[in-house]
Structures are given as structure tokens and as C-alpha cells.
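Colleague: What follows is my_file09.cif; its format and atoms are mmCIF, C-alpha atoms and all ligand atoms; chains and numbers go by the auth columns.
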```cif
data_upload
loop_
_atom_site.group_PDB
_atom_site.id
_atom_site.type_symbol
_atom_site.label_atom_id
_atom_site.label_comp_id
_atom_site.label_asym_id
_atom_site.label_seq_id
_atom_site.Cartn_x
_atom_site.Cartn_y
_atom_site.Cartn_z
_atom_site.B_iso_or_equiv
_atom_site.auth_seq_id
_atom_site.auth_asym_id
ATOM 1 C CA MET A 1 9.342 -32.918 41.760 0.00 1 L
ATOM 2 C CA GLY A 2 8.752 -36.257 40.219 0.00 2 L
ATOM 3 C CA SER A 3 6.293 -34.883 37.664 0.00 3 L
ATOM 4 C CA LYS A 4 7.185 -35.608 34.082 0.00 4 L
ATOM 5 C CA ARG A 5 8.348 -32.517 32.197 0.00 5 L
ATOM 6 C CA THR A 6 7.276 -31.900 28.658 0.00 6 L
ATOM 7 C CA GLY A 7 9.856 -31.600 25.908 0.00 7 L
ATOM 8 C CA ALA A 8 9.159 -27.860 25.634 0.00 8 L
ATOM 9 C CA ASP A 9 9.969 -27.343 29.326 0.00 9 L
ATOM 10 C CA GLN A 10 13.208 -29.269 29.075 0.00 10 L
ATOM 11 C CA HIS A 11 14.477 -27.233 26.166 0.00 11 L
ATOM 12 C CA GLY A 12 12.925 -23.843 26.903 0.00 12 L
ATOM 13 C CA PRO A 13 15.076 -20.946 28.177 0.00 13 L
ATOM 14 C CA ASN A 14 13.300 -21.014 31.546 0.00 14 L
ATOM 15 C CA LEU A 15 10.157 -22.457 33.086 0.00 15 L
ATOM 16 C CA TRP A 16 8.295 -19.249 33.835 0.00 16 L
ATOM 17 C CA THR A 17 7.984 -17.244 30.646 0.00 17 L
ATOM 18 C CA LYS A 18 7.518 -18.338 27.100 0.00 18 L
ATOM 19 C CA GLN A 19 10.420 -17.617 24.833 0.00 19 L
ATOM 20 C CA ALA A 20 9.956 -14.302 23.042 0.00 20 L
ATOM 21 C CA ARG A 21 8.827 -15.019 19.547 0.00 21 L
ATOM 22 C CA ILE A 22 8.244 -13.128 16.358 0.00 22 L
ATOM 23 C CA GLU A 23 4.734 -13.204 15.090 0.00 23 L
ATOM 24 C CA GLU A 24 2.454 -11.106 12.908 0.00 24 L
ATOM 25 C CA ASP A 25 -0.444 -10.218 15.162 0.00 25 L
ATOM 26 C CA GLY A 26 -3.582 -8.421 14.071 0.00 26 L
ATOM 27 C CA TRP A 27 -2.761 -4.973 15.430 0.00 27 L
ATOM 28 C CA THR A 28 -6.109 -4.404 17.091 0.00 28 L
ATOM 29 C CA GLY A 29 -7.543 -4.510 20.607 0.00 29 L
ATOM 30 C CA PRO A 30 -4.826 -5.291 23.173 0.00 30 L
ATOM 31 C CA ASN A 31 -2.416 -5.902 20.244 0.00 31 L
ATOM 32 C CA GLU A 32 -2.617 -2.329 18.953 0.00 32 L
ATOM 33 C CA ARG A 33 0.845 -0.823 18.528 0.00 33 L
ATOM 34 C CA THR A 34 2.315 2.624 18.310 0.00 34 L
ATOM 35 C CA PHE A 35 5.682 4.116 17.413 0.00 35 L
ATOM 36 C CA ILE A 36 7.252 6.315 20.101 0.00 36 L
ATOM 37 C CA ALA A 37 10.588 8.101 19.773 0.00 37 L
ATOM 38 C CA ILE A 38 12.495 10.048 22.401 0.00 38 L
ATOM 39 C CA LYS A 39 13.965 12.913 20.391 0.00 39 L
ATOM 40 C CA PRO A 40 17.603 14.129 20.636 0.00 40 L
ATOM 41 C CA ASP A 41 16.675 16.755 23.250 0.00 41 L
ATOM 42 C CA GLY A 42 14.945 14.105 25.370 0.00 42 L
ATOM 43 C CA VAL A 43 18.095 11.982 25.301 0.00 43 L
ATOM 44 C CA GLN A 44 20.406 14.956 26.063 0.00 44 L
ATOM 45 C CA ARG A 45 18.174 16.028 28.927 0.00 45 L
ATOM 46 C CA LYS A 46 18.317 12.527 30.488 0.00 46 L
ATOM 47 C CA LEU A 47 14.601 11.852 30.138 0.00 47 L
ATOM 48 C CA VAL A 48 14.966 8.340 28.684 0.00 48 L
ATOM 49 C CA GLY A 49 14.354 6.466 31.945 0.00 49 L
ATOM 50 C CA GLU A 50 11.511 8.761 32.985 0.00 50 L
ATOM 51 C CA ILE A 51 9.687 8.414 29.661 0.00 51 L
ATOM 52 C CA ILE A 52 10.106 4.651 29.380 0.00 52 L
ATOM 53 C CA GLY A 53 8.987 4.381 33.014 0.00 53 L
ATOM 54 C CA ARG A 54 5.745 6.197 32.291 0.00 54 L
ATOM 55 C CA PHE A 55 4.824 3.746 29.515 0.00 55 L
ATOM 56 C CA GLU A 56 5.831 0.753 31.639 0.00 56 L
ATOM 57 C CA ARG A 57 3.886 1.920 34.675 0.00 57 L
ATOM 58 C CA LYS A 58 0.825 2.719 32.589 0.00 58 L
ATOM 59 C CA GLY A 59 0.589 -0.961 31.680 0.00 59 L
ATOM 60 C CA PHE A 60 1.728 -0.911 28.070 0.00 60 L
ATOM 61 C CA ARG A 61 4.057 -3.566 26.769 0.00 61 L
ATOM 62 C CA LEU A 62 7.427 -2.861 25.167 0.00 62 L
ATOM 63 C CA VAL A 63 7.673 -4.639 21.816 0.00 63 L
ATOM 64 C CA ALA A 64 10.834 -3.081 20.338 0.00 64 L
ATOM 65 C CA LEU A 65 13.503 -0.573 21.310 0.00 65 L
ATOM 66 C CA LYS A 66 16.680 0.803 19.755 0.00 66 L
ATOM 67 C CA PHE A 67 19.110 3.667 20.307 0.00 67 L
ATOM 68 C CA LEU A 68 20.261 5.211 17.061 0.00 68 L
ATOM 69 C CA GLN A 69 21.204 8.368 15.250 0.00 69 L
ATOM 70 C CA ALA A 70 18.700 8.733 12.434 0.00 70 L
ATOM 71 C CA SER A 71 19.740 9.738 8.925 0.00 71 L
ATOM 72 C CA GLU A 72 18.235 12.808 7.287 0.00 72 L
ATOM 73 C CA GLU A 73 16.817 10.500 4.573 0.00 73 L
ATOM 74 C CA GLN A 74 14.921 8.359 7.071 0.00 74 L
ATOM 75 C CA LEU A 75 13.611 11.451 8.868 0.00 75 L
ATOM 76 C CA MET A 76 12.499 13.056 5.608 0.00 76 L
ATOM 77 C CA GLU A 77 10.441 9.932 4.954 0.00 77 L
ATOM 78 C CA HIS A 78 9.119 9.884 8.542 0.00 78 L
ATOM 79 C CA TYR A 79 7.983 13.533 8.311 0.00 79 L
ATOM 80 C CA ILE A 80 6.989 13.462 4.634 0.00 80 L
ATOM 81 C CA ASP A 81 3.524 14.916 5.347 0.00 81 L
ATOM 82 C CA LEU A 82 5.175 18.053 6.781 0.00 82 L
ATOM 83 C CA ARG A 83 7.532 18.610 3.810 0.00 83 L
ATOM 84 C CA ASN A 84 5.875 21.921 2.831 0.00 84 L
ATOM 85 C CA LYS A 85 5.945 23.405 6.333 0.00 85 L
ATOM 86 C CA PRO A 86 8.365 26.282 6.957 0.00 86 L
ATOM 87 C CA PHE A 87 9.924 24.414 9.917 0.00 87 L
ATOM 88 C CA TYR A 88 10.552 21.160 7.959 0.00 88 L
ATOM 89 C CA GLY A 89 14.280 21.815 7.335 0.00 89 L
ATOM 90 C CA GLY A 90 14.904 22.717 10.964 0.00 90 L
ATOM 91 C CA LEU A 91 12.905 19.706 12.127 0.00 91 L
ATOM 92 C CA ILE A 92 15.039 17.289 10.077 0.00 92 L
ATOM 93 C CA LYS A 93 18.277 18.908 11.375 0.00 93 L
ATOM 94 C CA TYR A 94 17.061 18.767 14.987 0.00 94 L
ATOM 95 C CA MET A 95 15.924 15.160 14.741 0.00 95 L
ATOM 96 C CA SER A 96 19.211 14.040 13.140 0.00 96 L
ATOM 97 C CA SER A 97 21.413 16.081 15.504 0.00 97 L
ATOM 98 C CA GLY A 98 21.963 13.301 18.052 0.00 98 L
ATOM 99 C CA PRO A 99 20.808 9.884 19.144 0.00 99 L
ATOM 100 C CA ILE A 100 17.145 9.044 19.606 0.00 100 L
ATOM 101 C CA VAL A 101 15.383 6.134 21.303 0.00 101 L
ATOM 102 C CA ALA A 102 12.948 4.453 18.907 0.00 102 L
ATOM 103 C CA MET A 103 10.325 2.185 20.459 0.00 103 L
ATOM 104 C CA VAL A 104 7.184 0.230 19.772 0.00 104 L
ATOM 105 C CA TRP A 105 4.630 -0.023 22.564 0.00 105 L
ATOM 106 C CA GLN A 106 1.564 -2.258 22.568 0.00 106 L
ATOM 107 C CA GLY A 107 -1.783 -2.236 24.357 0.00 107 L
ATOM 108 C CA LEU A 108 -5.484 -1.480 24.138 0.00 108 L
ATOM 109 C CA ASP A 109 -5.988 1.983 22.538 0.00 109 L
ATOM 110 C CA VAL A 110 -2.247 2.618 22.824 0.00 110 L
ATOM 111 C CA VAL A 111 -2.153 5.089 19.890 0.00 111 L
ATOM 112 C CA LYS A 112 -4.760 7.438 21.371 0.00 112 L
ATOM 113 C CA THR A 113 -3.580 7.006 24.957 0.00 113 L
ATOM 114 C CA ALA A 114 0.085 7.607 24.111 0.00 114 L
ATOM 115 C CA ARG A 115 -0.861 10.888 22.405 0.00 115 L
ATOM 116 C CA LYS A 116 -2.628 11.919 25.629 0.00 116 L
ATOM 117 C CA MET A 117 0.439 10.945 27.657 0.00 117 L
ATOM 118 C CA LEU A 118 2.608 13.074 25.328 0.00 118 L
ATOM 119 C CA GLY A 119 0.403 16.165 25.488 0.00 119 L
ATOM 120 C CA GLU A 120 -0.148 18.655 22.662 0.00 120 L
ATOM 121 C CA THR A 121 2.416 19.385 19.936 0.00 121 L
ATOM 122 C CA ASN A 122 3.146 22.757 21.547 0.00 122 L
ATOM 123 C CA PRO A 123 4.323 22.286 25.140 0.00 123 L
ATOM 124 C CA ALA A 124 2.566 25.536 26.068 0.00 124 L
ATOM 125 C CA ASP A 125 -0.780 23.891 25.245 0.00 125 L
ATOM 126 C CA SER A 126 0.118 20.672 27.106 0.00 126 L
ATOM 127 C CA MET A 127 -1.358 19.979 30.525 0.00 127 L
ATOM 128 C CA PRO A 128 0.924 19.440 33.511 0.00 128 L
ATOM 129 C CA GLY A 129 1.185 15.683 34.004 0.00 129 L
ATOM 130 C CA THR A 130 1.809 15.064 30.311 0.00 130 L
ATOM 131 C CA ILE A 131 5.358 14.471 29.078 0.00 131 L
ATOM 132 C CA ARG A 132 5.490 17.661 27.010 0.00 132 L
ATOM 133 C CA GLY A 133 3.608 19.553 29.722 0.00 133 L
ATOM 134 C CA ASP A 134 6.170 18.527 32.334 0.00 134 L
ATOM 135 C CA TYR A 135 9.500 18.500 30.504 0.00 135 L
ATOM 136 C CA CYS A 136 9.731 21.048 27.705 0.00 136 L
ATOM 137 C CA VAL A 137 8.942 24.600 26.662 0.00 137 L
ATOM 138 C CA GLU A 138 9.253 25.189 22.917 0.00 138 L
ATOM 139 C CA VAL A 139 7.399 23.416 20.087 0.00 139 L
ATOM 140 C CA SER A 140 10.624 22.818 18.134 0.00 140 L
ATOM 141 C CA ARG A 141 12.205 21.037 21.145 0.00 141 L
ATOM 142 C CA ASN A 142 9.297 18.944 22.379 0.00 142 L
ATOM 143 C CA VAL A 143 11.285 15.832 23.451 0.00 143 L
ATOM 144 C CA ILE A 144 9.064 13.032 22.136 0.00 144 L
ATOM 145 C CA HIS A 145 7.245 11.702 19.078 0.00 145 L
ATOM 146 C CA GLY A 146 4.151 9.497 19.029 0.00 146 L
ATOM 147 C CA SER A 147 2.127 8.204 16.059 0.00 147 L
ATOM 148 C CA ASP A 148 -1.107 10.135 15.506 0.00 148 L
ATOM 149 C CA SER A 149 -3.271 7.248 14.186 0.00 149 L
ATOM 150 C CA VAL A 150 -3.233 3.464 13.823 0.00 150 L
ATOM 151 C CA GLU A 151 -2.421 3.886 10.107 0.00 151 L
ATOM 152 C CA SER A 152 0.549 6.187 10.803 0.00 152 L
ATOM 153 C CA ALA A 153 1.708 3.801 13.527 0.00 153 L
ATOM 154 C CA GLN A 154 1.796 0.921 11.049 0.00 154 L
ATOM 155 C CA LYS A 155 3.711 2.998 8.495 0.00 155 L
ATOM 156 C CA GLU A 156 6.155 4.364 11.080 0.00 156 L
ATOM 157 C CA ILE A 157 6.836 0.978 12.692 0.00 157 L
ATOM 158 C CA ALA A 158 7.609 -0.427 9.236 0.00 158 L
ATOM 159 C CA LEU A 159 9.931 2.519 8.543 0.00 159 L
ATOM 160 C CA TRP A 160 11.928 2.206 11.789 0.00 160 L
ATOM 161 C CA PHE A 161 11.880 -1.534 12.523 0.00 161 L
ATOM 162 C CA ARG A 162 12.316 -4.822 10.725 0.00 162 L
ATOM 163 C CA GLN A 163 9.768 -7.532 11.450 0.00 163 L
ATOM 164 C CA HIS A 164 12.286 -9.619 13.411 0.00 164 L
ATOM 165 C CA GLU A 165 12.942 -6.706 15.805 0.00 165 L
ATOM 166 C CA LEU A 166 9.331 -6.741 17.073 0.00 166 L
ATOM 167 C CA LEU A 167 9.069 -9.245 19.893 0.00 167 L
ATOM 168 C CA CYS A 168 5.950 -11.006 21.100 0.00 168 L
ATOM 169 C CA TRP A 169 6.442 -12.148 24.659 0.00 169 L
ATOM 170 C CA GLU A 170 4.192 -13.323 27.450 0.00 170 L
ATOM 171 C CA ASP A 171 3.727 -10.472 29.906 0.00 171 L
ATOM 172 C CA ASN A 172 2.988 -11.936 33.311 0.00 172 L
ATOM 173 C CA SER A 173 1.194 -8.792 34.470 0.00 173 L
ATOM 174 C CA ASP A 174 -1.362 -8.984 31.633 0.00 174 L
ATOM 175 C CA ARG A 175 -4.011 -10.662 33.777 0.00 175 L
ATOM 176 C CA TRP A 176 -3.853 -7.706 36.187 0.00 176 L
ATOM 177 C CA ILE A 177 -4.189 -5.171 33.382 0.00 177 L
ATOM 178 C CA TYR A 178 -6.840 -6.824 31.182 0.00 178 L
ATOM 179 C CA GLU A 179 -10.071 -8.409 32.433 0.00 179 L
HETATM 180 P P1 LIG B . 3.198 15.965 16.675 0.00 1 Z
HETATM 181 O O1 LIG B . 4.653 15.627 16.941 0.00 1 Z
HETATM 182 O O2 LIG B . 2.504 16.401 17.939 0.00 1 Z
HETATM 183 O O3 LIG B . 2.461 14.866 15.953 0.00 1 Z
HETATM 184 P P2 LIG B . 3.280 17.425 14.151 0.00 1 Z
HETATM 185 O O4 LIG B . 2.317 18.496 13.754 0.00 1 Z
HETATM 186 O O5 LIG B . 3.177 16.091 13.487 0.00 1 Z
HETATM 187 O O6 LIG B . 3.187 17.265 15.753 0.00 1 Z
HETATM 188 O O7 LIG B . 4.735 17.999 13.965 0.00 1 Z
HETATM 189 C C1 LIG B . 5.856 17.157 14.032 0.00 1 Z
HETATM 190 C C2 LIG B . 6.943 17.840 14.823 0.00 1 Z
HETATM 191 O O8 LIG B . 7.359 19.018 14.134 0.00 1 Z
HETATM 192 C C3 LIG B . 6.540 18.356 16.208 0.00 1 Z
HETATM 193 O O9 LIG B . 6.550 17.355 17.218 0.00 1 Z
HETATM 194 C C4 LIG B . 7.577 19.422 16.452 0.00 1 Z
HETATM 195 O O10 LIG B . 8.823 18.824 16.837 0.00 1 Z
HETATM 196 C C5 LIG B . 7.745 20.020 15.058 0.00 1 Z
HETATM 197 N N1 LIG B . 6.882 21.192 14.884 0.00 1 Z
HETATM 198 C C6 LIG B . 5.540 21.227 14.733 0.00 1 Z
HETATM 199 N N2 LIG B . 5.081 22.489 14.607 0.00 1 Z
HETATM 200 C C7 LIG B . 6.177 23.276 14.658 0.00 1 Z
HETATM 201 C C8 LIG B . 6.378 24.687 14.570 0.00 1 Z
HETATM 202 O O11 LIG B . 5.444 25.480 14.427 0.00 1 Z
HETATM 203 N N3 LIG B . 7.664 25.133 14.664 0.00 1 Z
HETATM 204 C C9 LIG B . 8.725 24.295 14.823 0.00 1 Z
HETATM 205 N N4 LIG B . 8.583 22.959 14.911 0.00 1 Z
HETATM 206 C C10 LIG B . 7.332 22.446 14.836 0.00 1 Z
HETATM 207 MG MG MG B . 2.716 14.135 14.020 0.00 2 Z
#
```
For this file, produce the structure as C-alpha cells.
Ligand code: IDP
Ligand code: MG
Modeller:
Amino acid sequence: MGSKRTGADQHGPNLWTKQARIEEDGWTGPNERTFIAIKPDGVQRKLVGEIIGRFERKGFRLVALKFLQASEEQLMEHYIDLRNKPFYGGLIKYMSSGPIVAMVWQGLDVVKTARKMLGETNPADSMPGTIRGDYCVEVSRNVIHGSDSVESAQKEIALWFRQHELLCWEDNSDRWIYE
């Protein structure tokens, strides 16, 4: 009360968080990003809230999210490295069979850590406590995708999101997550 507000305060959306802004960060350290997708079986089996909750509670930051039905063309590009595998055709059909939740999550070592949170490709090899270890049975219905390296994450994020869909925002819990 009585203190003089700055122009930014007067015109900002609220006084407590900075307005989300779009910015090209170096994607390293706490700004590392990964692409995560809840597959059609994960959506059908009502695992969306559970999976997002795990990433939130871990301490990672949501940077982008959309609910969409992917085209076969986009999925063929996404899985281009697997094009010679016998299961490629079935994989594209499965992934385009219903809506998916595409997301970008950010944080220190998020690519490696997210893969650990997912578990192994085959749910039978995945430890209890991992997403695939807890929620699925067969490799061809393994509920979630996560980038396998920083380079793939960059490629996949560019394939699924436009630059303006990636939001930089001030996370007020950051100082309790990073020293
Ligand atoms: P990842 O999802 O753990 O990175 P990748 O080897 O990149 O595993 O395979 C991509 C996806 O292809 C898997 O998540 C799974 O849905 C599917 N897939 C992998 N191996 C098989 C298989 O042997 N049979 C059927 N589908 C498979
Ligand atoms: Mg992979």
C-alpha cells in the first residue's frame, strides 16, 4: 500500500507470476526438454491424469501440451528409424487409432529420467513403479512414448510443436527443486 508500482506491474496479468513467454532457451541443464506422448491405449484406459501427475510430482515443468489424433504421415516421420521393423505398420495403425496427449516436459536430466519413469520398451522387462511396469502388459500396447536422447527430443519436439506452443513460465516451486 502506498508503494509506487512499476509500469510492468500495472499492466501485467497478475502480480505473482511473470506472464508466460516464448523464448528460445539453450536446452541444457535445468532447461533440458523431452517429448512425451500418452498413446491411444493410455488415453482409452484413463491414464492421462495419472501420467501427467507423475511428471508434475517429480518436479518437472510442463512446457507444452495438446490432445490430438495424429496422422499416419506424422507418425511415419516420428518413427522413421523403425521403418524396416516388422511391427512398423502395426505401430503406425495403433498410434493413429485414437487421440494421444503430446507434451513437452523440462528439467535437469529430464530425457534420461523420463525414460526411467517410463520403464523398458517391453512392459514385462519394466520394474513395478515405472509407468509401463505398473499399467501395461504387451510391448505393442505400452501406453507411453518418451524421447530416447537429447537429439531425438529436439527433433521430436520440432515435429509435434510449433515454437509458439512452447511456453516459458516462472515456476514458483523451482527454488525448492533446484539448489
Ligand atoms: P521405446 O518406445 O521404448 O523408445 P522403440 O524401440 O523406440 O521403444 O519402439 C517404439 C515403439 O514401437 C514401442 O514403444 C512399442 O510401442 C513399439 N514396439 C517396439 N518393439 C515392438 C515389438 O517387438 N512388437 C510390437 N511393437 C513394438
Ligand atoms: Mg524409441
Colleague: Can I get the residues close to ligand MG 2 (chain Z) as a tab-separated table (two decimals) with C-alpha atoms, keeping the file's coordinate frame, where close means within 12 Å and we count only C-alpha atoms and all ligand atoms?
Modeller:
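After the write, part-v7.tsv holds the following:
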```tsv
chain	number	residue	atom	x	y	z
L	35	PHE	CA	5.68	4.12	17.41
L	36	ILE	CA	7.25	6.32	20.10
L	37	ALA	CA	10.59	8.10	19.77
L	78	HIS	CA	9.12	9.88	8.54
L	79	TYR	CA	7.98	13.53	8.31
L	80	ILE	CA	6.99	13.46	4.63
L	81	ASP	CA	3.52	14.92	5.35
L	82	LEU	CA	5.18	18.05	6.78
L	91	LEU	CA	12.90	19.71	12.13
L	111	VAL	CA	-2.15	5.09	19.89
L	115	ARG	CA	-0.86	10.89	22.40
L	118	LEU	CA	2.61	13.07	25.33
L	119	GLY	CA	0.40	16.16	25.49
L	120	GLU	CA	-0.15	18.66	22.66
L	121	THR	CA	2.42	19.39	19.94
L	122	ASN	CA	3.15	22.76	21.55
L	142	ASN	CA	9.30	18.94	22.38
L	144	ILE	CA	9.06	13.03	22.14
L	145	HIS	CA	7.24	11.70	19.08
L	146	GLY	CA	4.15	9.50	19.03
L	147	SER	CA	2.13	8.20	16.06
L	148	ASP	CA	-1.11	10.14	15.51
L	149	SER	CA	-3.27	7.25	14.19
L	152	SER	CA	0.55	6.19	10.80
L	153	ALA	CA	1.71	3.80	13.53
L	156	GLU	CA	6.16	4.36	11.08
```
Colleague: Step by step, work through what the PyMOL selection byres (((chain L and resi 157) around 9) and not hetatm) selects in the shown file, and finish by giving those residues as a ChimeraX atom specification.
Modeller: /L:33-35,103-104,152-156,158-162
Colleague: Between atom CA of L:Thr130 and atom CA of L:Lys116, what is the distance in Å, rounded to a tenth?
Modeller: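 Answer for the atom CA of L:Thr130 to atom CA of L:Lys116 separation: 7.2 Å.
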Colleague: Which of these residues is nearest to L:Tyr178, using all atoms listed in the file: L:Asp125, L:Gln44, L:Phe60, L:Arg141?
Modeller: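 For L:Tyr178, the nearest of the given residues is L:Phe60.
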Colleague: Could you check which residues have any atom within 12 Å of (15.7, 20.2, 10.9), counting all atoms listed in the file with coordinates taken straight from the file, and then list them as an NGL selection string?
Modeller: :L and (40 or 70-73 or 75-76 or 79 or 82-83 or 85-98 or 140-141)
Colleague: Restricting the calculation to only C-alpha atoms and all ligand atoms, which member of L:Arg45, L:Lys39, L:His164, L:Lys112 is positioned closest to ligand LIG 1 (chain Z)?
Modeller: L:Lys39
Colleague: So what do you get for atom CA of L:Ala114 versus atom CA of L:Gln69, distance-wise?
Modeller: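 Rounded to one decimal, the two atoms are 22.9 Å apart.
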Colleague: Can you report as JSON the centre and edge lengths in Å, to one decimal, of an axis-aligned box around the listed atoms of stretch 30-39 of chain L padded with 8 Å on each side?
Modeller:
```
{"center_x": 4.6, "center_y": 3.5, "center_z": 20.3, "size_x": 34.8, "size_y": 34.8, "size_z": 21.8}
```
Colleague: So how many Å separate atom CA of L:Arg175 and atom CA of L:Gly49, to one decimal?
Modeller: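 Separating atom CA of L:Arg175 from atom CA of L:Gly49 is a distance of 25.2 Å.
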Colleague: Check the smallest atom-to-atom distance from each of L:Glu179, L:Glu138, L:Asp109, L:Asp174 to ligand LIG 1 (chain Z) using only C-alpha atoms and all ligand atoms, then report the winner.
Modeller: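 Looking at the shortest contact to ligand LIG 1 (chain Z), the residue is L:Glu138.
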Colleague: Hey, which of L:Glu170, L:Asp41, L:Phe67, L:Thr28 ends up closest to ligand LIG 1 (chain Z)? Count all atoms listed in the file.
Modeller: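 Checking each of L:Glu170, L:Asp41, L:Phe67, L:Thr28 against ligand LIG 1 (chain Z), counting all atoms listed in the file, the winner is L:Asp41.
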Colleague: Name the closest residue to ligand LIG 1 (chain Z) among the candidates L:Arg132, L:Arg54, L:Lys66, L:Lys46; distances are taken between atoms, counting all atoms listed in the file.
Modeller: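 Of L:Arg132, L:Arg54, L:Lys66, L:Lys46, the one nearest ligand LIG 1 (chain Z), counting all atoms listed in the file, is L:Arg132.
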Colleague: When you count all atoms listed in the file, which of these residues is closest to ligand LIG 1 (chain Z): L:Ile177, L:Met117, L:Leu166, L:Leu68?
Modeller: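 Among the listed residues, the smallest separation from ligand LIG 1 (chain Z) belongs to L:Met117.
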Colleague: Taking the file as I've supplied it (selection: the PyMOL selection byres (((chain L and resi 27) around 10) and not hetatm)), which residues are included? Please answer as a PDB file with C-alpha atoms, in the coordinates of the input.
Modeller:
```pdb
ATOM      1  CA  GLU L  24       2.454 -11.106  12.908  1.00  0.00           C
ATOM      2  CA  ASP L  25      -0.444 -10.218  15.162  1.00  0.00           C
ATOM      3  CA  GLY L  26      -3.582  -8.421  14.071  1.00  0.00           C
ATOM      4  CA  THR L  28      -6.109  -4.404  17.091  1.00  0.00           C
ATOM      5  CA  GLY L  29      -7.543  -4.510  20.607  1.00  0.00           C
ATOM      6  CA  PRO L  30      -4.826  -5.291  23.173  1.00  0.00           C
ATOM      7  CA  ASN L  31      -2.416  -5.902  20.244  1.00  0.00           C
ATOM      8  CA  GLU L  32      -2.617  -2.329  18.953  1.00  0.00           C
ATOM      9  CA  ARG L  33       0.845  -0.823  18.528  1.00  0.00           C
ATOM     10  CA  THR L  34       2.315   2.624  18.310  1.00  0.00           C
ATOM     11  CA  GLN L 106       1.564  -2.258  22.568  1.00  0.00           C
ATOM     12  CA  GLY L 107      -1.783  -2.236  24.357  1.00  0.00           C
ATOM     13  CA  LEU L 108      -5.484  -1.480  24.138  1.00  0.00           C
ATOM     14  CA  VAL L 150      -3.233   3.464  13.823  1.00  0.00           C
ATOM     15  CA  GLN L 154       1.796   0.921  11.049  1.00  0.00           C
TER      16      GLN L 154
END
```
Colleague: May I ask you to restore N, CA, C and O atoms in stretch 81-97 of chain L and write the result as an mmCIF file, in the frame of the given file?
Modeller:
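Contents of selection_27.cif, as written:
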```cif
data_model
loop_
_atom_site.group_PDB
_atom_site.id
_atom_site.type_symbol
_atom_site.label_atom_id
_atom_site.label_comp_id
_atom_site.auth_asym_id
_atom_site.auth_seq_id
_atom_site.Cartn_x
_atom_site.Cartn_y
_atom_site.Cartn_z
ATOM 1 N N ASP L 81 4.761 14.120 5.397
ATOM 2 C CA ASP L 81 3.524 14.916 5.347
ATOM 3 C C ASP L 81 3.771 16.386 5.710
ATOM 4 O O ASP L 81 2.920 17.233 5.440
ATOM 5 N N LEU L 82 4.886 16.670 6.344
ATOM 6 C CA LEU L 82 5.175 18.053 6.781
ATOM 7 C C LEU L 82 6.154 18.749 5.843
ATOM 8 O O LEU L 82 6.643 19.844 6.137
ATOM 9 N N ARG L 83 6.437 18.115 4.660
ATOM 10 C CA ARG L 83 7.532 18.610 3.810
ATOM 11 C C ARG L 83 7.332 20.047 3.334
ATOM 12 O O ARG L 83 8.307 20.726 3.023
ATOM 13 N N ASN L 84 6.091 20.545 3.287
ATOM 14 C CA ASN L 84 5.875 21.921 2.831
ATOM 15 C C ASN L 84 5.816 22.939 3.971
ATOM 16 O O ASN L 84 5.597 24.126 3.720
ATOM 17 N N LYS L 85 6.000 22.480 5.189
ATOM 18 C CA LYS L 85 5.945 23.405 6.333
ATOM 19 C C LYS L 85 7.252 24.201 6.414
ATOM 20 O O LYS L 85 8.328 23.685 6.104
ATOM 21 N N PRO L 86 7.157 25.449 6.869
ATOM 22 C CA PRO L 86 8.365 26.282 6.957
ATOM 23 C C PRO L 86 9.414 25.721 7.926
ATOM 24 O O PRO L 86 10.604 25.980 7.770
ATOM 25 N N PHE L 87 8.978 24.934 8.916
ATOM 26 C CA PHE L 87 9.924 24.414 9.917
ATOM 27 C C PHE L 87 10.500 23.049 9.543
ATOM 28 O O PHE L 87 11.286 22.471 10.302
ATOM 29 N N TYR L 88 10.146 22.527 8.344
ATOM 30 C CA TYR L 88 10.552 21.160 7.959
ATOM 31 C C TYR L 88 12.078 20.975 7.983
ATOM 32 O O TYR L 88 12.582 20.016 8.575
ATOM 33 N N GLY L 89 12.812 21.918 7.385
ATOM 34 C CA GLY L 89 14.280 21.815 7.335
ATOM 35 C C GLY L 89 14.876 21.768 8.740
ATOM 36 O O GLY L 89 15.727 20.915 9.051
ATOM 37 N N GLY L 90 14.417 22.660 9.584
ATOM 38 C CA GLY L 90 14.904 22.717 10.964
ATOM 39 C C GLY L 90 14.543 21.460 11.733
ATOM 40 O O GLY L 90 15.330 20.959 12.550
ATOM 41 N N LEU L 91 13.368 20.929 11.456
ATOM 42 C CA LEU L 91 12.905 19.706 12.127
ATOM 43 C C LEU L 91 13.813 18.515 11.779
ATOM 44 O O LEU L 91 14.207 17.742 12.660
ATOM 45 N N ILE L 92 14.179 18.407 10.505
ATOM 46 C CA ILE L 92 15.039 17.289 10.077
ATOM 47 C C ILE L 92 16.427 17.423 10.709
ATOM 48 O O ILE L 92 17.013 16.450 11.185
ATOM 49 N N LYS L 93 16.951 18.659 10.751
ATOM 50 C CA LYS L 93 18.277 18.908 11.375
ATOM 51 C C LYS L 93 18.249 18.552 12.864
ATOM 52 O O LYS L 93 19.150 17.894 13.377
ATOM 53 N N TYR L 94 17.225 19.032 13.544
ATOM 54 C CA TYR L 94 17.061 18.767 14.987
ATOM 55 C C TYR L 94 16.971 17.268 15.254
ATOM 56 O O TYR L 94 17.694 16.720 16.104
ATOM 57 N N MET L 95 16.154 16.583 14.482
ATOM 58 C CA MET L 95 15.924 15.160 14.741
ATOM 59 C C MET L 95 17.143 14.299 14.398
ATOM 60 O O MET L 95 17.280 13.186 14.907
ATOM 61 N N SER L 96 18.018 14.821 13.506
ATOM 62 C CA SER L 96 19.211 14.040 13.140
ATOM 63 C C SER L 96 20.453 14.510 13.898
ATOM 64 O O SER L 96 21.555 14.029 13.663
ATOM 65 N N SER L 97 20.261 15.443 14.846
ATOM 66 C CA SER L 97 21.413 16.081 15.504
ATOM 67 C C SER L 97 22.064 15.222 16.582
ATOM 68 O O SER L 97 23.139 15.537 17.066
#
```
